[in-house]
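File shown: input11.txt (compact mmCIF, C-alpha atoms).
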# COMPACT_ATOMS: atom_id res chain seq x y z
CA MET L 1 -3.39 40.92 -22.40
CA ASN L 2 -5.59 41.28 -25.50
CA ASN L 3 -7.58 38.43 -27.08
CA ARG L 4 -4.98 37.77 -29.75
CA GLU L 5 -2.18 37.45 -27.24
CA ARG L 6 -4.39 35.21 -25.12
CA ALA L 7 -5.16 32.94 -28.08
CA GLU L 8 -1.44 32.50 -28.69
CA HIS L 9 -0.84 31.19 -25.17
CA PRO L 10 0.80 27.71 -25.43
CA GLY L 11 -1.96 26.17 -23.35
CA LEU L 12 -4.65 27.36 -25.81
CA ARG L 13 -2.99 26.32 -29.05
CA PRO L 14 -4.42 23.39 -31.10
CA ILE L 15 -3.60 19.97 -29.65
CA ASP L 16 -0.55 18.22 -31.05
CA ASP L 17 -2.07 14.94 -32.27
CA SER L 18 1.25 13.09 -32.16
CA ALA L 19 1.70 13.85 -28.46
CA LEU L 20 -1.92 12.95 -27.73
CA THR L 21 -1.62 9.64 -29.56
CA ARG L 22 1.44 8.69 -27.54
CA GLU L 23 -0.34 9.48 -24.27
CA SER L 24 -3.45 7.59 -25.36
CA TRP L 25 -1.47 4.43 -25.98
CA LYS L 26 -0.29 4.54 -22.36
CA ILE L 27 -3.87 3.69 -21.38
CA PHE L 28 -3.41 0.16 -22.72
CA GLN L 29 -0.26 -0.31 -20.68
CA ILE L 30 -2.10 0.83 -17.56
CA MET L 31 -5.06 -1.43 -18.37
CA ALA L 32 -2.72 -4.39 -18.73
CA GLU L 33 -1.27 -3.76 -15.27
CA PHE L 34 -4.73 -3.70 -13.71
CA VAL L 35 -5.96 -6.79 -15.58
CA GLU L 36 -2.91 -8.88 -14.68
CA GLY L 37 -3.06 -7.74 -11.07
CA PHE L 38 -6.76 -8.57 -10.74
CA GLU L 39 -6.31 -11.99 -12.36
CA ARG L 40 -3.30 -13.02 -10.28
CA LEU L 41 -4.38 -11.67 -6.88
CA ALA L 42 -8.15 -12.11 -6.69
CA HIS L 43 -7.94 -15.71 -5.44
CA ILE L 44 -4.97 -15.20 -3.07
CA LYS L 45 -6.75 -14.48 0.20
CA PRO L 46 -6.83 -13.70 3.00
CA SER L 47 -3.75 -11.56 2.50
CA VAL L 48 -1.80 -8.94 4.43
CA SER L 49 0.12 -6.10 2.76
CA ILE L 50 3.42 -5.31 4.52
CA PHE L 51 5.37 -2.08 4.06
CA GLY L 52 8.72 -0.74 5.24
CA SER L 53 12.00 0.74 4.17
CA ALA L 54 14.00 -0.65 1.26
CA ARG L 55 17.20 0.47 3.00
CA PHE L 56 17.48 -1.87 5.98
CA PRO L 57 20.06 -4.68 5.50
CA PRO L 58 19.37 -8.25 6.70
CA GLU L 59 21.29 -7.72 9.94
CA HIS L 60 19.12 -4.73 10.96
CA ARG L 61 16.62 -5.35 13.75
CA TYR L 62 13.74 -3.95 11.68
CA TYR L 63 14.53 -6.32 8.80
CA GLN L 64 14.49 -9.21 11.25
CA LEU L 65 11.27 -7.92 12.81
CA GLY L 66 9.69 -7.82 9.36
CA GLU L 67 10.84 -11.34 8.50
CA THR L 68 9.53 -12.80 11.76
CA THR L 69 6.23 -10.95 11.44
CA ALA L 70 5.71 -12.19 7.89
CA ARG L 71 6.59 -15.76 8.86
CA GLN L 72 4.02 -15.75 11.66
CA LEU L 73 1.36 -14.26 9.40
CA SER L 74 2.14 -16.83 6.71
CA ASP L 75 1.92 -19.70 9.16
CA ALA L 76 -1.35 -18.24 10.46
CA GLY L 77 -2.83 -18.57 6.97
CA PHE L 78 -2.27 -15.13 5.45
CA ALA L 79 -0.66 -14.61 2.08
CA VAL L 80 1.89 -11.81 2.38
CA VAL L 81 2.12 -9.01 -0.19
CA SER L 82 5.12 -6.69 -0.30
CA GLY L 83 6.69 -4.25 -2.72
CA GLY L 84 8.98 -6.99 -4.00
CA GLY L 85 12.26 -5.14 -3.52
CA PRO L 86 15.05 -5.12 -0.91
CA GLY L 87 15.00 -4.19 2.79
CA ILE L 88 11.79 -4.85 4.67
CA MET L 89 10.11 -5.79 1.40
CA GLU L 90 12.58 -8.64 1.06
CA ALA L 91 12.21 -9.50 4.74
CA ALA L 92 8.43 -9.78 4.31
CA ASN L 93 8.71 -11.99 1.25
CA LYS L 94 11.43 -14.10 2.86
CA GLY L 95 9.39 -14.70 6.00
CA ALA L 96 6.29 -15.61 4.00
CA PHE L 97 8.31 -17.82 1.63
CA GLY L 98 9.47 -19.84 4.61
CA GLY L 99 5.90 -20.22 5.87
CA ARG L 100 2.92 -22.08 4.56
CA SER L 101 1.14 -19.30 2.64
CA PRO L 102 2.02 -17.55 -0.64
CA SER L 103 4.59 -14.76 -0.89
CA ILE L 104 3.69 -12.04 -3.41
CA GLY L 105 5.85 -9.18 -4.67
CA LEU L 106 4.45 -6.13 -6.47
CA ASN L 107 7.62 -4.90 -8.11
CA ILE L 108 8.00 -1.35 -9.45
CA GLN L 109 10.32 -0.15 -12.20
CA LEU L 110 12.30 2.87 -11.00
CA PRO L 111 14.93 5.13 -12.63
CA HIS L 112 17.44 3.71 -10.15
CA GLU L 113 16.42 0.13 -10.80
CA GLN L 114 14.81 -1.79 -7.96
CA SER L 115 15.77 -5.43 -8.27
CA ALA L 116 13.19 -8.03 -7.31
CA ASN L 117 14.06 -10.19 -4.31
CA ASP L 118 14.29 -13.98 -4.58
CA TYR L 119 11.46 -14.91 -2.21
CA GLN L 120 8.33 -14.53 -4.33
CA ASP L 121 5.84 -17.22 -5.30
CA VAL L 122 4.09 -14.59 -7.42
CA GLY L 123 5.91 -11.55 -8.78
CA LEU L 124 4.12 -8.81 -10.71
CA GLY L 125 5.84 -5.90 -12.46
CA PHE L 126 4.46 -2.35 -12.53
CA ARG L 127 5.50 0.86 -14.26
CA HIS L 128 2.93 3.01 -12.48
CA PHE L 129 2.73 3.59 -8.76
CA PHE L 130 -1.01 4.26 -8.82
CA SER L 131 -1.99 0.91 -10.34
CA ARG L 132 0.38 -0.89 -7.96
CA LYS L 133 -1.15 0.91 -4.98
CA VAL L 134 -4.63 -0.31 -5.93
CA MET L 135 -3.34 -3.90 -5.79
CA PHE L 136 -1.99 -3.41 -2.28
CA VAL L 137 -5.42 -2.27 -1.08
CA LYS L 138 -7.97 -4.16 -3.14
CA TYR L 139 -7.48 -7.67 -1.77
CA ALA L 140 -5.84 -6.92 1.60
CA SER L 141 -7.40 -8.08 4.85
CA ALA L 142 -4.90 -5.96 6.82
CA TYR L 143 -2.05 -3.47 6.42
CA VAL L 144 1.14 -3.92 8.44
CA VAL L 145 3.46 -0.91 8.37
CA LEU L 146 7.01 -1.20 9.66
CA PRO L 147 9.54 1.66 9.86
CA GLY L 148 10.20 3.29 6.51
CA GLY L 149 10.59 6.47 4.51
CA PHE L 150 8.51 8.48 2.05
CA GLY L 151 7.19 5.44 0.18
CA THR L 152 6.06 3.81 3.41
CA LEU L 153 4.42 7.03 4.58
CA ASP L 154 2.70 7.32 1.21
CA GLU L 155 1.16 3.87 1.58
CA LEU L 156 0.14 4.58 5.19
CA ALA L 157 -1.52 7.87 4.24
CA GLU L 158 -3.23 6.19 1.29
CA ILE L 159 -4.95 3.48 3.34
CA LEU L 160 -5.88 5.86 6.18
CA THR L 161 -7.45 8.25 3.66
CA LEU L 162 -9.37 5.50 1.85
CA VAL L 163 -10.76 4.09 5.10
CA GLN L 164 -11.49 7.52 6.61
CA THR L 165 -13.43 8.63 3.54
CA GLY L 166 -15.26 5.32 3.11
CA LYS L 167 -13.72 4.58 -0.29
CA THR L 168 -12.61 1.16 0.93
CA ARG L 169 -13.67 -1.18 3.70
CA ARG L 170 -12.33 -0.86 7.22
CA ILE L 171 -9.38 -3.19 7.78
CA PRO L 172 -6.73 -3.36 10.50
CA VAL L 173 -3.88 -0.92 9.95
CA VAL L 174 -1.07 -2.05 12.24
CA LEU L 175 1.98 0.13 12.85
CA VAL L 176 4.95 -1.85 14.17
CA GLY L 177 7.61 -0.13 16.29
CA SER L 178 6.36 2.35 18.89
CA GLU L 179 9.76 4.01 19.22
CA PHE L 180 9.84 4.78 15.51
CA TRP L 181 6.22 5.90 15.10
CA LYS L 182 5.81 7.88 18.33
CA GLY L 183 6.70 11.29 16.89
CA LEU L 184 4.31 10.96 13.95
CA LEU L 185 1.44 9.71 16.10
CA ASP L 186 2.00 12.51 18.61
CA TRP L 187 1.77 14.96 15.70
CA PHE L 188 -1.49 13.36 14.57
CA ARG L 189 -2.95 13.89 18.03
CA ASP L 190 -1.40 17.21 19.07
CA THR L 191 -1.51 19.01 15.72
CA LEU L 192 -3.96 17.40 13.29
CA VAL L 193 -6.70 16.76 15.85
CA GLU L 194 -6.00 20.04 17.64
CA GLN L 195 -6.22 22.01 14.38
CA GLY L 196 -9.36 20.14 13.32
CA THR L 197 -7.90 18.61 10.16
CA ILE L 198 -8.83 15.13 11.40
CA ASP L 199 -11.28 13.95 14.06
CA GLN L 200 -10.39 12.40 17.38
CA GLU L 201 -12.11 9.20 16.16
CA ASP L 202 -9.65 8.99 13.25
CA LEU L 203 -6.95 8.02 15.73
CA GLN L 204 -8.79 4.70 16.07
CA LEU L 205 -8.11 3.81 12.42
CA TYR L 206 -4.74 2.26 13.34
CA SER L 207 -3.11 0.17 16.06
CA LEU L 208 0.44 0.42 17.40
CA VAL L 209 2.33 -2.71 18.46
CA ASP L 210 5.91 -3.88 18.95
CA SER L 211 5.95 -7.65 18.41
CA PRO L 212 5.02 -10.09 15.63
CA GLU L 213 2.71 -11.89 18.04
CA ASP L 214 0.80 -8.65 18.66
CA VAL L 215 0.44 -8.07 14.92
CA VAL L 216 -1.23 -11.45 14.48
CA ASP L 217 -3.39 -10.96 17.58
CA VAL L 218 -4.66 -7.54 16.45
CA ILE L 219 -5.71 -8.91 13.06
CA PHE L 220 -7.44 -12.00 14.46
CA GLU L 221 -9.20 -9.96 17.15
CA TYR L 222 -10.57 -7.64 14.49
CA TYR L 223 -11.97 -10.54 12.45
CA GLU L 224 -13.24 -12.52 15.43
CA ALA L 225 -16.83 -11.45 14.76
CA ARG L 226 -16.65 -10.85 11.01
CA SER L 227 -15.54 -12.61 7.85
CA PHE L 228 -12.32 -12.05 5.96
CA GLU L 229 -14.53 -11.87 2.87
CA PRO L 230 -15.89 -8.38 2.12
CA SER L 231 -19.62 -7.89 2.48
CA ALA L 232 -21.75 -7.03 -0.57
CA GLU L 233 -21.55 -3.34 0.33
CA GLU L 234 -17.78 -3.54 0.85
CA LYS L 235 -17.35 -5.29 -2.51
CA LYS L 236 -19.21 -2.43 -4.14
CA ARG L 237 -16.82 0.07 -2.55
CA LEU L 238 -13.81 -1.95 -3.69
CA MET L 239 -15.11 -1.90 -7.26
CA GLU L 240 -14.90 1.91 -7.12
CA LEU L 241 -11.35 2.24 -5.82
So that I can check it, write out the structure of this file as structure tokens.
Amino acid sequence: MNNRERAEHPGLRPIDDSALTRESWKIFQIMAEFVEGFERLAHIKPSVSIFGSARFPPEHRYYQLGETTARQLSDAGFAVVSGGGPGIMEAANKGAFGGRSPSIGLNIQLPHEQSANDYQDVGLGFRHFFSRKVMFVKYASAYVVLPGGFGTLDELAEILTLVQTGKTRRIPVVLVGSEFWKGLLDWFRDTLVEQGTIDQEDLQLYSLVDSPEDVVDVIFEYYEARSFEPSAEEKKRLMEL
């Protein structure tokens, strides 16, 4: 390829100002999502973010497990934050709504519309997954992860990565349902550790339990000798999420 042909490559042509202007305006939409999230969530603490599949109906045992877990966390003094939609998200909000602490839904607009559930004291709407994910992490005192699909795995991988790399403070990450999670956790140990892509110590970043009572116990045991409030150093890390 000669220089003239190279210069005519689409990626090297002058920028289309109209397209750039449209993209630039998206920044204000993203800023608005962050500002509203910070303003609405900063004072709702301590809180626990709960994740799980949107596909489980109310009669499913995992839905019921999520509802009971959220109710116990709410009665124990934790605000509960979920994705705001159906399935375990609804179960989490429903359980918290029946308890004594706030129920928060971080709703996302999807091509196949996700409808917000009816059990939210505070409901925030997001267009962008990345700004929504920051809100799940920034004010959480713990992560509780019930059985789910790609979205649930995405949130699990996100918090494990942030804690492992020191980009956020260490908080309890509690997986619920040993039968469901066994295969993944075996793969962590037998493949990721074995191949050297994670360290043996990284397996201590999460706990595995089967009951709502154990979820509450794990969280309280972790904070027995420390405050729910981030330290000055942890606050600095959270500012750089």
Residues at most 9 Å from Arg127 (chain L), counting all atoms listed in the file, excluding those fewer than 3 positions away in the same chain, as a ChimeraX atom specification?
-> /L:29-30,33,107-110,131-132
Using CA of Ile88 (chain L) and CA of Leu153 (chain L) as the two end points, give the distance in Å to one decimal.
->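 These atoms are spaced 14.0 Å apart.
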Hey, what's within 9 Å of region 193-210 of chain L if we count all atoms listed in the file and toss same-chain stuff fewer than 5 positions away? As a PyMOL selection string, please?
-> chain L and resi 160+163-164+170-179+181+185+187-188+215+218
Please report, as a Markdown table, each residue of region 116-202 of chain L lying at most 12 Å from region 95-98 of chain L, together with the nearest pair of atoms and the separation in Å rounded to one decimal; use all atoms listed in the file, and order rows by chain and ascending residue number.
| residue | atom | partner | partner_atom | distance |
| --- | --- | --- | --- | --- |
| L:Asn117 | CA | L:Phe97 | CA | 11.3 |
| L:Asp118 | CA | L:Phe97 | CA | 9.4 |
| L:Tyr119 | CA | L:Phe97 | CA | 5.8 |
| L:Gln120 | CA | L:Phe97 | CA | 6.8 |
| L:Asp121 | CA | L:Phe97 | CA | 7.4 |
| L:Val122 | CA | L:Phe97 | CA | 10.5 |
Which value, in Å to one decimal, gives the distance between CA of Pro147 (chain L) and CA of Ser74 (chain L)?
->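 For CA of Pro147 (chain L) relative to CA of Ser74 (chain L), the distance reads 20.2 Å.
Coordinates place CA of Leu146 (chain L) at a distance of 10.9 Å from CA of Ser211 (chain L).
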Around region 102-117 of chain L, fit a box with edges along x, y and z, padding it by 6 Å on each side, then list its centre and edge lengths in Å to one decimal as lines of an AutoDock Vina configuration file.
center_x = 9.7
center_y = -6.2
center_z = -6.6
size_x = 27.4
size_y = 34.7
size_z = 24.0
Neighbours of point (8.1, -12.8, -3.7) within 12 Å, using only C-alpha atoms, written as a PyMOL selection string = chain L and resi 70+79-86+89-98+101-107+115-125
Can I get the selection written as a PDB file, in the coordinates of the input, with C-alpha atoms?
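Result file is result.pdb:
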ATOM      1  CA  ALA L  70       5.710 -12.190   7.890  1.00  0.00           C
ATOM      2  CA  ALA L  79      -0.660 -14.610   2.080  1.00  0.00           C
ATOM      3  CA  VAL L  80       1.890 -11.810   2.380  1.00  0.00           C
ATOM      4  CA  VAL L  81       2.120  -9.010  -0.190  1.00  0.00           C
ATOM      5  CA  SER L  82       5.120  -6.690  -0.300  1.00  0.00           C
ATOM      6  CA  GLY L  83       6.690  -4.250  -2.720  1.00  0.00           C
ATOM      7  CA  GLY L  84       8.980  -6.990  -4.000  1.00  0.00           C
ATOM      8  CA  GLY L  85      12.260  -5.140  -3.520  1.00  0.00           C
ATOM      9  CA  PRO L  86      15.050  -5.120  -0.910  1.00  0.00           C
ATOM     10  CA  MET L  89      10.110  -5.790   1.400  1.00  0.00           C
ATOM     11  CA  GLU L  90      12.580  -8.640   1.060  1.00  0.00           C
ATOM     12  CA  ALA L  91      12.210  -9.500   4.740  1.00  0.00           C
ATOM     13  CA  ALA L  92       8.430  -9.780   4.310  1.00  0.00           C
ATOM     14  CA  ASN L  93       8.710 -11.990   1.250  1.00  0.00           C
ATOM     15  CA  LYS L  94      11.430 -14.100   2.860  1.00  0.00           C
ATOM     16  CA  GLY L  95       9.390 -14.700   6.000  1.00  0.00           C
ATOM     17  CA  ALA L  96       6.290 -15.610   4.000  1.00  0.00           C
ATOM     18  CA  PHE L  97       8.310 -17.820   1.630  1.00  0.00           C
ATOM     19  CA  GLY L  98       9.470 -19.840   4.610  1.00  0.00           C
ATOM     20  CA  SER L 101       1.140 -19.300   2.640  1.00  0.00           C
ATOM     21  CA  PRO L 102       2.020 -17.550  -0.640  1.00  0.00           C
ATOM     22  CA  SER L 103       4.590 -14.760  -0.890  1.00  0.00           C
ATOM     23  CA  ILE L 104       3.690 -12.040  -3.410  1.00  0.00           C
ATOM     24  CA  GLY L 105       5.850  -9.180  -4.670  1.00  0.00           C
ATOM     25  CA  LEU L 106       4.450  -6.130  -6.470  1.00  0.00           C
ATOM     26  CA  ASN L 107       7.620  -4.900  -8.110  1.00  0.00           C
ATOM     27  CA  SER L 115      15.770  -5.430  -8.270  1.00  0.00           C
ATOM     28  CA  ALA L 116      13.190  -8.030  -7.310  1.00  0.00           C
ATOM     29  CA  ASN L 117      14.060 -10.190  -4.310  1.00  0.00           C
ATOM     30  CA  ASP L 118      14.290 -13.980  -4.580  1.00  0.00           C
ATOM     31  CA  TYR L 119      11.460 -14.910  -2.210  1.00  0.00           C
ATOM     32  CA  GLN L 120       8.330 -14.530  -4.330  1.00  0.00           C
ATOM     33  CA  ASP L 121       5.840 -17.220  -5.300  1.00  0.00           C
ATOM     34  CA  VAL L 122       4.090 -14.590  -7.420  1.00  0.00           C
ATOM     35  CA  GLY L 123       5.910 -11.550  -8.780  1.00  0.00           C
ATOM     36  CA  LEU L 124       4.120  -8.810 -10.710  1.00  0.00           C
ATOM     37  CA  GLY L 125       5.840  -5.900 -12.460  1.00  0.00           C
TER      38      GLY L 125
END
I'd like the neighbourhood of region 134-137 of chain L as a CSV table (one decimal) with C-alpha atoms, keeping the file's coordinate frame, where a residue qualifies if any of its atoms comes within 8 Å (using only C-alpha atoms), though same-chain residues fewer than 4 positions away should be ignored.
chain,number,residue,atom,x,y,z
L,37,GLY,CA,-3.1,-7.7,-11.1
L,38,PHE,CA,-6.8,-8.6,-10.7
L,41,LEU,CA,-4.4,-11.7,-6.9
L,49,SER,CA,0.1,-6.1,2.8
L,81,VAL,CA,2.1,-9.0,-0.2
L,130,PHE,CA,-1.0,4.3,-8.8
L,159,ILE,CA,-5.0,3.5,3.3
L,241,LEU,CA,-11.4,2.2,-5.8
The residue from L:Lys138, L:Arg169, L:Thr161, L:Glu67 with the smallest atom-to-atom distance to Ser231 (chain L), counting only C-alpha atoms, is L:Arg169
